[in-house]
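model-v8.cif (mmCIF, C-alpha atoms)
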```cif
data_model
loop_
_atom_site.group_PDB
_atom_site.id
_atom_site.type_symbol
_atom_site.label_atom_id
_atom_site.label_comp_id
_atom_site.auth_asym_id
_atom_site.auth_seq_id
_atom_site.Cartn_x
_atom_site.Cartn_y
_atom_site.Cartn_z
ATOM 1 C CA MET A 1025 17.011 -24.908 -28.962
ATOM 2 C CA SER A 1026 14.785 -26.568 -26.434
ATOM 3 C CA ASN A 1027 16.272 -28.357 -23.446
ATOM 4 C CA ASN A 1028 13.007 -29.094 -21.587
ATOM 5 C CA HIS A 1029 14.662 -27.531 -18.564
ATOM 6 C CA PHE A 1030 12.833 -24.608 -16.965
ATOM 7 C CA CYS A 1031 12.177 -23.025 -13.592
ATOM 8 C CA LEU A 1032 10.489 -20.068 -11.957
ATOM 9 C CA ALA A 1033 10.972 -18.190 -8.676
ATOM 10 C CA ILE A 1034 8.713 -15.511 -7.196
ATOM 11 C CA HIS A 1035 8.633 -13.210 -4.176
ATOM 12 C CA GLY A 1036 5.983 -11.139 -2.460
ATOM 13 C CA GLY A 1037 8.184 -8.908 -0.299
ATOM 14 C CA ALA A 1038 10.737 -9.278 2.514
ATOM 15 C CA GLY A 1039 10.744 -7.873 6.024
ATOM 16 C CA THR A 1040 10.072 -8.558 9.680
ATOM 17 C CA ILE A 1041 7.573 -11.352 9.206
ATOM 18 C CA GLU A 1042 7.049 -13.178 12.489
ATOM 19 C CA ARG A 1043 5.203 -16.463 12.748
ATOM 20 C CA GLY A 1044 3.802 -15.481 16.165
ATOM 21 C CA LYS A 1045 2.070 -12.411 14.726
ATOM 22 C CA MET A 1046 0.465 -14.200 11.789
ATOM 23 C CA THR A 1047 -2.838 -16.026 12.216
ATOM 24 C CA PRO A 1048 -3.027 -19.444 10.502
ATOM 25 C CA ALA A 1049 -5.818 -18.141 8.280
ATOM 26 C CA ARG A 1050 -3.797 -15.073 7.217
ATOM 27 C CA GLU A 1051 -0.707 -17.185 6.560
ATOM 28 C CA GLN A 1052 -2.762 -19.509 4.368
ATOM 29 C CA GLU A 1053 -4.022 -16.555 2.340
ATOM 30 C CA TYR A 1054 -0.437 -15.496 1.603
ATOM 31 C CA ARG A 1055 0.571 -19.051 0.728
ATOM 32 C CA ASP A 1056 -2.436 -19.447 -1.561
ATOM 33 C CA GLY A 1057 -1.559 -16.227 -3.374
ATOM 34 C CA LEU A 1058 2.051 -17.295 -3.914
ATOM 35 C CA GLU A 1059 0.926 -20.718 -5.118
ATOM 36 C CA ARG A 1060 -1.531 -19.222 -7.622
ATOM 37 C CA SER A 1061 1.283 -17.065 -8.989
ATOM 38 C CA LEU A 1062 3.656 -20.038 -9.283
ATOM 39 C CA LYS A 1063 1.051 -22.232 -10.984
ATOM 40 C CA THR A 1064 0.226 -19.521 -13.498
ATOM 41 C CA GLY A 1065 3.871 -19.072 -14.487
ATOM 42 C CA PHE A 1066 4.540 -22.818 -14.406
ATOM 43 C CA GLU A 1067 1.732 -23.583 -16.862
ATOM 44 C CA ILE A 1068 3.235 -21.159 -19.384
ATOM 45 C CA LEU A 1069 6.753 -22.589 -19.062
ATOM 46 C CA ASN A 1070 5.519 -26.180 -19.060
ATOM 47 C CA ARG A 1071 3.883 -25.781 -22.456
ATOM 48 C CA GLY A 1072 7.067 -24.258 -23.907
ATOM 49 C CA GLY A 1073 6.123 -20.609 -23.377
ATOM 50 C CA ALA A 1074 8.592 -17.755 -23.030
ATOM 51 C CA SER A 1075 10.152 -16.692 -19.741
ATOM 52 C CA LEU A 1076 8.905 -13.134 -20.424
ATOM 53 C CA ASP A 1077 5.313 -14.370 -20.615
ATOM 54 C CA ALA A 1078 5.776 -16.414 -17.436
ATOM 55 C CA VAL A 1079 7.175 -13.601 -15.279
ATOM 56 C CA GLU A 1080 4.564 -11.119 -16.482
ATOM 57 C CA ALA A 1081 1.714 -13.542 -15.773
ATOM 58 C CA ALA A 1082 3.093 -14.568 -12.367
ATOM 59 C CA VAL A 1083 3.442 -10.922 -11.319
ATOM 60 C CA ARG A 1084 -0.053 -10.044 -12.590
ATOM 61 C CA VAL A 1085 -1.515 -12.644 -10.215
ATOM 62 C CA LEU A 1086 0.253 -10.969 -7.278
ATOM 63 C CA GLU A 1087 -0.771 -7.492 -8.480
ATOM 64 C CA ASP A 1088 -4.413 -8.638 -8.380
ATOM 65 C CA ASP A 1089 -4.070 -10.024 -4.835
ATOM 66 C CA PRO A 1090 -4.715 -7.381 -2.122
ATOM 67 C CA HIS A 1091 -2.369 -9.176 0.308
ATOM 68 C CA PHE A 1092 0.685 -7.983 -1.635
ATOM 69 C CA ASN A 1093 2.018 -4.450 -2.048
ATOM 70 C CA ALA A 1094 1.595 -4.090 -5.804
ATOM 71 C CA GLY A 1095 -1.422 -3.243 -7.928
ATOM 72 C CA ARG A 1096 -4.612 -3.894 -5.935
ATOM 73 C CA GLY A 1097 -2.804 -4.047 -2.563
ATOM 74 C CA ALA A 1098 -0.565 -1.013 -3.053
ATOM 75 C CA VAL A 1099 0.275 1.035 0.049
ATOM 76 C CA PHE A 1100 -0.645 4.713 0.444
ATOM 77 C CA THR A 1101 1.574 7.761 0.048
ATOM 78 C CA SER A 1102 1.613 10.529 2.670
ATOM 79 C CA ALA A 1103 -1.038 12.271 0.546
ATOM 80 C CA GLY A 1104 -3.362 9.272 0.776
ATOM 81 C CA THR A 1105 -2.847 8.261 -2.852
ATOM 82 C CA ASN A 1106 -1.492 5.078 -4.449
ATOM 83 C CA GLU A 1107 1.498 5.293 -6.794
ATOM 84 C CA MET A 1108 2.793 2.150 -8.480
ATOM 85 C CA ASP A 1109 6.058 1.280 -10.207
ATOM 86 C CA ALA A 1110 7.064 -1.774 -12.259
ATOM 87 C CA ALA A 1111 9.771 -3.087 -14.575
ATOM 88 C CA ILE A 1112 10.410 -6.069 -16.813
ATOM 89 C CA MET A 1113 13.572 -7.188 -18.624
ATOM 90 C CA ASP A 1114 14.346 -9.750 -21.335
ATOM 91 C CA GLY A 1115 17.655 -11.553 -20.774
ATOM 92 C CA LYS A 1116 17.931 -12.577 -24.429
ATOM 93 C CA THR A 1117 17.898 -9.076 -25.920
ATOM 94 C CA LEU A 1118 18.615 -6.910 -22.831
ATOM 95 C CA LYS A 1119 15.481 -4.973 -23.720
ATOM 96 C CA ALA A 1120 13.648 -3.530 -20.731
ATOM 97 C CA GLY A 1121 10.551 -1.531 -19.876
ATOM 98 C CA ALA A 1122 9.699 0.393 -16.722
ATOM 99 C CA VAL A 1123 6.816 2.540 -15.486
ATOM 100 C CA VAL A 1124 6.747 4.916 -12.542
ATOM 101 C CA SER A 1125 4.115 6.650 -10.361
ATOM 102 C CA LEU A 1126 1.042 5.097 -11.970
ATOM 103 C CA LYS A 1127 -2.367 5.805 -10.448
ATOM 104 C CA HIS A 1128 -4.937 4.185 -12.748
ATOM 105 C CA ILE A 1129 -3.288 1.090 -14.252
ATOM 106 C CA LYS A 1130 -4.715 -2.219 -13.010
ATOM 107 C CA ASN A 1131 -1.590 -4.217 -13.919
ATOM 108 C CA PRO A 1132 1.537 -2.029 -14.015
ATOM 109 C CA ILE A 1133 3.768 -4.937 -15.098
ATOM 110 C CA SER A 1134 1.870 -5.298 -18.376
ATOM 111 C CA LEU A 1135 2.302 -1.596 -19.134
ATOM 112 C CA ALA A 1136 6.035 -1.939 -18.407
ATOM 113 C CA ARG A 1137 6.172 -4.703 -21.019
ATOM 114 C CA LEU A 1138 4.347 -2.518 -23.530
ATOM 115 C CA VAL A 1139 6.890 0.261 -22.955
ATOM 116 C CA MET A 1140 9.602 -2.296 -23.752
ATOM 117 C CA GLU A 1141 7.919 -3.718 -26.853
ATOM 118 C CA LYS A 1142 5.834 -0.864 -28.307
ATOM 119 C CA SER A 1143 7.998 2.198 -27.665
ATOM 120 C CA SER A 1144 11.606 3.230 -28.197
ATOM 121 C CA HIS A 1145 11.925 4.044 -24.476
ATOM 122 C CA VAL A 1146 12.887 2.112 -21.362
ATOM 123 C CA MET A 1147 11.134 4.181 -18.666
ATOM 124 C CA MET A 1148 7.969 6.279 -18.687
ATOM 125 C CA ASP A 1149 6.288 8.013 -15.754
ATOM 126 C CA CYS A 1150 3.009 9.386 -14.443
ATOM 127 C CA ALA A 1151 0.660 11.026 -16.939
ATOM 128 C CA GLY A 1152 2.876 10.225 -19.917
ATOM 129 C CA ALA A 1153 2.883 6.527 -19.097
ATOM 130 C CA GLU A 1154 -0.882 6.547 -18.568
ATOM 131 C CA ALA A 1155 -1.469 8.355 -21.890
ATOM 132 C CA PHE A 1156 0.648 5.663 -23.565
ATOM 133 C CA ALA A 1157 -1.461 3.035 -21.776
ATOM 134 C CA LYS A 1158 -4.691 4.533 -23.147
ATOM 135 C CA GLU A 1159 -3.273 4.562 -26.685
ATOM 136 C CA ASN A 1160 -2.533 0.860 -26.344
ATOM 137 C CA GLY A 1161 -5.826 -0.210 -24.809
ATOM 138 C CA VAL A 1162 -4.445 -1.056 -21.373
ATOM 139 C CA GLU A 1163 -7.036 -1.657 -18.650
ATOM 140 C CA MET A 1164 -7.514 1.489 -16.563
ATOM 141 C CA VAL A 1165 -9.279 1.602 -13.203
ATOM 142 C CA ASP A 1166 -10.584 4.285 -10.871
ATOM 143 C CA GLU A 1167 -8.242 5.164 -8.013
ATOM 144 C CA LYS A 1168 -10.837 3.650 -5.633
ATOM 145 C CA TYR A 1169 -9.869 0.215 -6.988
ATOM 146 C CA PHE A 1170 -6.619 0.401 -5.020
ATOM 147 C CA PHE A 1171 -8.211 1.246 -1.674
ATOM 148 C CA THR A 1172 -7.820 -1.534 0.895
ATOM 149 C CA GLN A 1173 -8.688 -1.008 4.547
ATOM 150 C CA ASP A 1174 -5.521 -2.688 5.856
ATOM 151 C CA ARG A 1175 -3.261 -0.339 3.868
ATOM 152 C CA TRP A 1176 -5.314 2.712 4.851
ATOM 153 C CA ASP A 1177 -5.154 1.758 8.536
ATOM 154 C CA ALA A 1178 -1.372 1.329 8.270
ATOM 155 C CA LEU A 1179 -1.051 4.863 6.902
ATOM 156 C CA GLN A 1180 -3.158 6.229 9.765
ATOM 157 C CA ARG A 1181 -0.938 4.506 12.342
ATOM 158 C CA VAL A 1182 2.166 6.096 10.836
ATOM 159 C CA LYS A 1183 0.437 9.494 10.704
ATOM 160 C CA ASP A 1184 -0.503 9.186 14.388
ATOM 161 C CA VAL A 1185 3.134 8.648 15.363
ATOM 162 C CA GLU A 1186 4.162 11.654 13.263
ATOM 163 C CA LYS A 1187 1.561 13.814 15.022
ATOM 164 C CA GLN A 1188 3.075 12.814 18.348
ATOM 165 C CA GLY A 1189 6.334 14.324 17.163
ATOM 166 C CA GLY A 1190 8.415 11.266 16.434
ATOM 167 C CA THR A 1191 9.141 8.849 13.631
ATOM 168 C CA GLY A 1192 11.560 6.622 15.516
ATOM 169 C CA GLY A 1193 8.818 4.213 16.477
ATOM 170 C CA ARG A 1194 7.212 3.874 13.070
ATOM 171 C CA LYS A 1195 8.818 0.489 12.427
ATOM 172 C CA PHE A 1196 7.386 -0.820 15.656
ATOM 173 C CA ILE A 1197 3.782 0.273 15.278
ATOM 174 C CA ILE A 1198 3.279 -1.181 11.825
ATOM 175 C CA SER A 1199 4.701 -4.368 10.421
ATOM 176 C CA ASP A 1200 7.115 -4.432 7.498
ATOM 177 C CA GLN A 1201 4.399 -5.911 5.327
ATOM 178 C CA ASP A 1202 2.339 -2.789 6.110
ATOM 179 C CA ARG A 1203 5.307 -0.489 5.569
ATOM 180 C CA HIS A 1204 6.713 -1.686 2.290
ATOM 181 C CA GLY A 1205 6.826 -4.641 -0.037
ATOM 182 C CA THR A 1206 7.264 -5.679 -3.624
ATOM 183 C CA VAL A 1207 6.363 -8.596 -5.849
ATOM 184 C CA GLY A 1208 8.590 -10.137 -8.471
ATOM 185 C CA ALA A 1209 9.381 -13.133 -10.638
ATOM 186 C CA VAL A 1210 12.379 -14.574 -12.474
ATOM 187 C CA ALA A 1211 12.206 -17.448 -14.946
ATOM 188 C CA LEU A 1212 14.190 -19.701 -17.272
ATOM 189 C CA ASP A 1213 12.272 -21.151 -20.225
ATOM 190 C CA GLN A 1214 12.814 -24.266 -22.335
ATOM 191 C CA ASN A 1215 14.715 -22.250 -24.950
ATOM 192 C CA GLY A 1216 17.309 -21.169 -22.369
ATOM 193 C CA ASN A 1217 16.085 -17.576 -22.104
ATOM 194 C CA ILE A 1218 15.697 -15.817 -18.756
ATOM 195 C CA ALA A 1219 13.606 -12.829 -17.706
ATOM 196 C CA ALA A 1220 12.817 -10.747 -14.632
ATOM 197 C CA ALA A 1221 9.791 -8.687 -13.549
ATOM 198 C CA THR A 1222 9.130 -6.554 -10.451
ATOM 199 C CA SER A 1223 6.113 -4.502 -9.326
ATOM 200 C CA THR A 1224 5.448 -2.410 -6.215
ATOM 201 C CA GLY A 1225 3.284 0.153 -4.478
ATOM 202 C CA GLY A 1226 6.352 1.592 -2.754
ATOM 203 C CA THR A 1227 6.449 2.395 0.960
ATOM 204 C CA THR A 1228 3.679 3.477 3.310
ATOM 205 C CA ASN A 1229 3.674 7.272 3.867
ATOM 206 C CA LYS A 1230 6.273 7.880 1.152
ATOM 207 C CA ARG A 1231 6.316 11.356 -0.350
ATOM 208 C CA PRO A 1232 4.305 11.489 -3.595
ATOM 209 C CA GLY A 1233 6.746 11.060 -6.449
ATOM 210 C CA ARG A 1234 9.186 8.863 -4.520
ATOM 211 C CA VAL A 1235 10.571 6.065 -6.687
ATOM 212 C CA GLY A 1236 12.293 2.981 -5.285
ATOM 213 C CA ASP A 1237 14.471 0.324 -6.847
ATOM 214 C CA SER A 1238 11.770 -1.826 -8.475
ATOM 215 C CA PRO A 1239 11.508 0.082 -11.789
ATOM 216 C CA VAL A 1240 15.215 0.971 -11.903
ATOM 217 C CA ILE A 1241 16.951 -1.388 -14.315
ATOM 218 C CA GLY A 1242 20.074 -2.723 -12.620
ATOM 219 C CA ALA A 1243 18.862 -1.872 -9.116
ATOM 220 C CA GLY A 1244 15.705 -3.876 -8.392
ATOM 221 C CA THR A 1245 15.300 -5.604 -11.752
ATOM 222 C CA TYR A 1246 17.816 -7.072 -14.193
ATOM 223 C CA ALA A 1247 18.152 -9.956 -16.668
ATOM 224 C CA ASN A 1248 20.967 -11.107 -18.946
ATOM 225 C CA ASN A 1249 21.101 -14.572 -20.534
ATOM 226 C CA THR A 1250 24.861 -14.764 -20.040
ATOM 227 C CA THR A 1251 24.560 -14.317 -16.274
ATOM 228 C CA CYS A 1252 21.285 -14.122 -14.375
ATOM 229 C CA ALA A 1253 17.835 -12.634 -13.822
ATOM 230 C CA VAL A 1254 17.132 -10.774 -10.560
ATOM 231 C CA SER A 1255 14.149 -9.224 -8.781
ATOM 232 C CA ALA A 1256 14.745 -7.484 -5.456
ATOM 233 C CA THR A 1257 12.603 -6.348 -2.522
ATOM 234 C CA GLY A 1258 13.252 -4.291 0.610
ATOM 235 C CA ASP A 1259 14.668 -0.840 1.349
ATOM 236 C CA GLY A 1260 14.772 0.358 -2.236
ATOM 237 C CA GLU A 1261 17.079 3.318 -1.740
ATOM 238 C CA TYR A 1262 19.915 0.982 -0.700
ATOM 239 C CA PHE A 1263 19.399 -1.348 -3.653
ATOM 240 C CA ILE A 1264 19.618 1.701 -5.938
ATOM 241 C CA ARG A 1265 22.815 2.954 -4.275
ATOM 242 C CA THR A 1266 24.541 -0.414 -4.733
ATOM 243 C CA SER A 1267 23.052 -1.190 -8.187
ATOM 244 C CA ALA A 1268 22.298 -4.513 -6.535
ATOM 245 C CA ALA A 1269 20.669 -6.463 -9.377
ATOM 246 C CA HIS A 1270 23.340 -5.552 -11.933
ATOM 247 C CA ASP A 1271 26.042 -6.077 -9.317
ATOM 248 C CA ILE A 1272 25.110 -9.763 -9.151
ATOM 249 C CA SER A 1273 25.409 -10.044 -12.929
ATOM 250 C CA ALA A 1274 28.757 -8.200 -12.910
ATOM 251 C CA LEU A 1275 30.182 -10.416 -10.152
ATOM 252 C CA MET A 1276 29.291 -13.464 -12.240
ATOM 253 C CA GLU A 1277 30.571 -12.016 -15.520
ATOM 254 C CA TYR A 1278 33.790 -10.379 -14.361
ATOM 255 C CA ARG A 1279 34.697 -12.301 -11.223
ATOM 256 C CA GLY A 1280 33.428 -15.710 -12.300
ATOM 257 C CA MET A 1281 31.314 -16.067 -9.154
ATOM 258 C CA ASN A 1282 28.484 -18.564 -9.031
ATOM 259 C CA LEU A 1283 24.926 -17.272 -8.702
ATOM 260 C CA ARG A 1284 24.526 -17.982 -4.985
ATOM 261 C CA ASP A 1285 27.788 -16.306 -3.940
ATOM 262 C CA ALA A 1286 27.213 -13.298 -6.197
ATOM 263 C CA ALA A 1287 23.695 -12.763 -4.845
ATOM 264 C CA GLN A 1288 24.844 -12.998 -1.241
ATOM 265 C CA THR A 1289 27.745 -10.616 -1.895
ATOM 266 C CA ALA A 1290 25.398 -8.025 -3.411
ATOM 267 C CA LEU A 1291 22.912 -8.376 -0.548
ATOM 268 C CA ASP A 1292 25.759 -7.995 1.979
ATOM 269 C CA LYS A 1293 26.679 -4.676 0.337
ATOM 270 C CA VAL A 1294 23.087 -3.499 0.804
ATOM 271 C CA ALA A 1295 23.207 -4.576 4.456
ATOM 272 C CA LYS A 1296 26.545 -2.805 5.042
ATOM 273 C CA LEU A 1297 24.869 0.498 4.134
ATOM 274 C CA GLY A 1298 22.008 -0.256 6.518
ATOM 275 C CA GLY A 1299 19.490 -1.701 4.068
ATOM 276 C CA THR A 1300 17.304 -4.744 4.647
ATOM 277 C CA GLY A 1301 15.526 -6.924 2.131
ATOM 278 C CA GLY A 1302 16.008 -9.857 -0.159
ATOM 279 C CA LEU A 1303 16.023 -10.963 -3.764
ATOM 280 C CA ILE A 1304 15.338 -13.857 -6.082
ATOM 281 C CA ALA A 1305 17.785 -14.793 -8.817
ATOM 282 C CA ILE A 1306 18.100 -17.463 -11.487
ATOM 283 C CA ASP A 1307 20.785 -18.303 -14.027
ATOM 284 C CA ALA A 1308 20.752 -19.894 -17.485
ATOM 285 C CA HIS A 1309 21.595 -23.317 -15.993
ATOM 286 C CA GLY A 1310 18.479 -23.285 -13.844
ATOM 287 C CA GLU A 1311 20.270 -22.534 -10.580
ATOM 288 C CA MET A 1312 18.096 -20.486 -8.202
ATOM 289 C CA THR A 1313 18.826 -18.546 -5.024
ATOM 290 C CA LEU A 1314 16.435 -16.593 -2.764
ATOM 291 C CA PRO A 1315 18.536 -14.882 -0.056
ATOM 292 C CA PHE A 1316 17.232 -12.277 2.414
ATOM 293 C CA ASN A 1317 18.563 -10.570 5.558
ATOM 294 C CA THR A 1318 15.203 -10.120 7.298
ATOM 295 C CA SER A 1319 13.160 -12.546 9.416
ATOM 296 C CA GLY A 1320 11.059 -13.509 6.435
ATOM 297 C CA MET A 1321 10.350 -13.189 2.724
ATOM 298 C CA TYR A 1322 7.230 -14.331 0.919
ATOM 299 C CA ARG A 1323 8.721 -16.579 -1.743
ATOM 300 C CA GLY A 1324 8.299 -19.666 -3.855
ATOM 301 C CA HIS A 1325 9.833 -21.633 -6.683
ATOM 302 C CA VAL A 1326 9.033 -24.463 -9.068
ATOM 303 C CA ASP A 1327 10.964 -26.472 -11.673
ATOM 304 C CA GLN A 1328 10.087 -28.674 -14.645
ATOM 305 C CA GLY A 1329 9.454 -31.579 -12.268
ATOM 306 C CA ALA A 1330 6.492 -29.606 -10.842
ATOM 307 C CA HIS A 1331 8.125 -29.413 -7.412
ATOM 308 C CA PHE A 1332 6.261 -26.450 -5.885
ATOM 309 C CA VAL A 1333 7.858 -24.822 -2.839
ATOM 310 C CA VAL A 1334 6.272 -21.892 -0.940
ATOM 311 C CA GLU A 1335 7.983 -20.366 2.112
ATOM 312 C CA ILE A 1336 7.563 -17.314 4.330
ATOM 313 C CA TYR A 1337 9.892 -17.500 7.348
ATOM 314 C CA LYS A 1338 13.656 -17.796 7.709
#
```

Kindly transcribe the structure held in the file into structure tokens.
Amino acid sequence: MSNNHFCLAIHGGAGTIERGKMTPAREQEYRDGLERSLKTGFEILNRGGASLDAVEAAVRVLEDDPHFNAGRGAVFTSAGTNEMDAAIMDGKTLKAGAVVSLKHIKNPISLARLVMEKSSHVMMDCAGAEAFAKENGVEMVDEKYFFTQDRWDALQRVKDVEKQGGTGGRKFIISDQDRHGTVGAVALDQNGNIAAATSTGGTTNKRPGRVGDSPVIGAGTYANNTTCAVSATGDGEYFIRTSAAHDISALMEYRGMNLRDAAQTALDKVAKLGGTGGLIAIDAHGEMTLPFNTSGMYRGHVDQGAHFVVEIYK
């Protein structure tokens, strides 16, 4: 049943994002990217499209934008390669798809959706996932497609610190947006269905094969029509250890918490372990919350009234 009520929230990563270190031109590029993503998802929802279609499309826009750590702008591993992870989940059916350690897939989020819809699996990795992609006609690209100078330079700065015999200063010589990041979207459509999608290149200088929270259902991505849809960003290991995304849903379902309180409670658990980051969450009533415990998070949201909001700083 249609209620004409819909909304969409997106993020492009959380971390130490300081206004003083961002040029006006660079800030505008980030804002433009977030706005393009929001508009793409909004157009789908506005014409009565599904929340799944909206979150996939919104994330694809961010994957194609080299400013964000997903797809085209993915960071480099310690071996100088790019390895991408993504996940998508349908709140109506609780079906989910996830892909891990991809090297040749232009839009990982679309392959994650194919895993959900065209296979009997939830998660596929590496060569197996890419073989499945080829069978289904997914767009493949040469590894050179993912090379961006900014990300390469960030890796070299971290390597230089390592050569000098210390890693303690790594957070200070590269910014959080160089170090890690994620993109994600959550949406409610006019039929009352919610969905979540998350995509990432991981963390700069990570060991090849490292997997964060983004493709882990219940950690960095989760959606359930009876509670909420969540996409997280930040120190992935901590979001995995607290099952952060599912924790929000569980707090709502079993404790009767509202969305905002449940999201903050889950994020506080991440922080208590030493993790930083943020998340976006939406419920079936159209409530949205975008909490983070860092100095900034690239984020935006829009509702059926076409009220577009894009923010970066605290």

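The residues caught by the PyMOL selection byres ((chain A and resi 1115) around 8) in this file are Met1113, Asp1114, Lys1116, Thr1117, Leu1118, Lys1119, Asn1217, Ile1218, Ala1219, Ala1220, Tyr1246, Ala1247, Asn1248, Asn1249, Thr1250, Cys1252 and Ala1253 of chain A.
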
Quiz item: Residues at most 7 Å from A:Ala1268, counting only C-alpha atoms, excluding those fewer than 5 positions away in the same chain, as a list in words?
Solution: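 So, after excluding close chain neighbours, the residues are Gly1242, Ala1243, Gly1244, Phe1263 and Ala1290 of chain A.
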
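Restricting the calculation to only C-alpha atoms, the smallest distance between A:Asn1028 and any of A:His1309, A:Lys1168, A:Lys1183, A:Arg1279 is found for A:His1309.
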
Practice problem: Figure out the distance between atom CA of A:Arg1084 and atom CA of A:Ala1151, please, to one decimal in Å. | Solution: 21.5 Å

Quiz item: Exactly which residues make up the result of the PyMOL selection byres ((chain A and resi 1039) around 7) on this file, given as a count of residues only?
Solution: 12

Practice problem: Find the residue from A:Glu1261, A:Thr1206, A:Met1046, A:Ala1211 that sits nearest to A:Phe1066; use all atoms listed in the file when measuring. | Solution: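 Distance minimum relative to A:Phe1066 lands on A:Ala1211.
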
Self-check item: Interatomic distance, atom CA of A:Ser1102 to atom CA of A:Ala1256 (Å, one decimal)
Solution: 23.7 Å

Quiz item: Smallest atom-to-atom distance to A:Pro1132: which of A:Asp1174, A:Asp1166, A:Glu1080, A:Asp1292, using only C-alpha atoms?
Solution: A:Glu1080

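Of the residues listed (A:Ala1178, A:Gln1052, A:Thr1224, A:Asn1215), A:Thr1224 shows the shortest atom-to-atom separation from A:Asn1131; distances use only C-alpha atoms.
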
Quiz item: Could you spell out the hits of the PyMOL selection byres ((chain A and resi 1329-1336) around 12) on the shown file, as a VMD selection string?
Solution: chain A and resid 1028 to 1043 1046 1050 to 1067 1069 to 1070 1201 1314 1316 1318 to 1328 1337 to 1338

Quiz prompt | For atom CA of A:Leu1086 and atom CA of A:Val1207, the interatomic separation in Å (one decimal) | solution = 6.7 Å

Put a box with edges along x, y and z around all the listed atoms of stretch 1211-1218 of chain A, pad it by 4 Å on each side, then give me its centre and sizes in Å, one decimal, as JSON.
```
{"center_x": 14.8, "center_y": -20.0, "center_z": -19.9, "size_x": 13.1, "size_y": 16.4, "size_z": 18.0}
```

Can you tell me, as a PDB file with C-alpha atoms, keeping the file's coordinate frame, what residues are no more than 12 Å from A:Gly1152 when counting all atoms listed in the file, ignoring any on the same chain fewer than 5 positions away?
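Saved result, out.pdb, follows:
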```pdb
ATOM      1  CA  VAL A1123       6.816   2.540 -15.486  1.00  0.00           C
ATOM      2  CA  VAL A1124       6.747   4.916 -12.542  1.00  0.00           C
ATOM      3  CA  SER A1125       4.115   6.650 -10.361  1.00  0.00           C
ATOM      4  CA  LEU A1126       1.042   5.097 -11.970  1.00  0.00           C
ATOM      5  CA  LYS A1127      -2.367   5.805 -10.448  1.00  0.00           C
ATOM      6  CA  LEU A1135       2.302  -1.596 -19.134  1.00  0.00           C
ATOM      7  CA  VAL A1139       6.890   0.261 -22.955  1.00  0.00           C
ATOM      8  CA  HIS A1145      11.925   4.044 -24.476  1.00  0.00           C
ATOM      9  CA  MET A1147      11.134   4.181 -18.666  1.00  0.00           C
ATOM     10  CA  ALA A1157      -1.461   3.035 -21.776  1.00  0.00           C
ATOM     11  CA  LYS A1158      -4.691   4.533 -23.147  1.00  0.00           C
ATOM     12  CA  GLU A1159      -3.273   4.562 -26.685  1.00  0.00           C
TER      13      GLU A1159
END
```
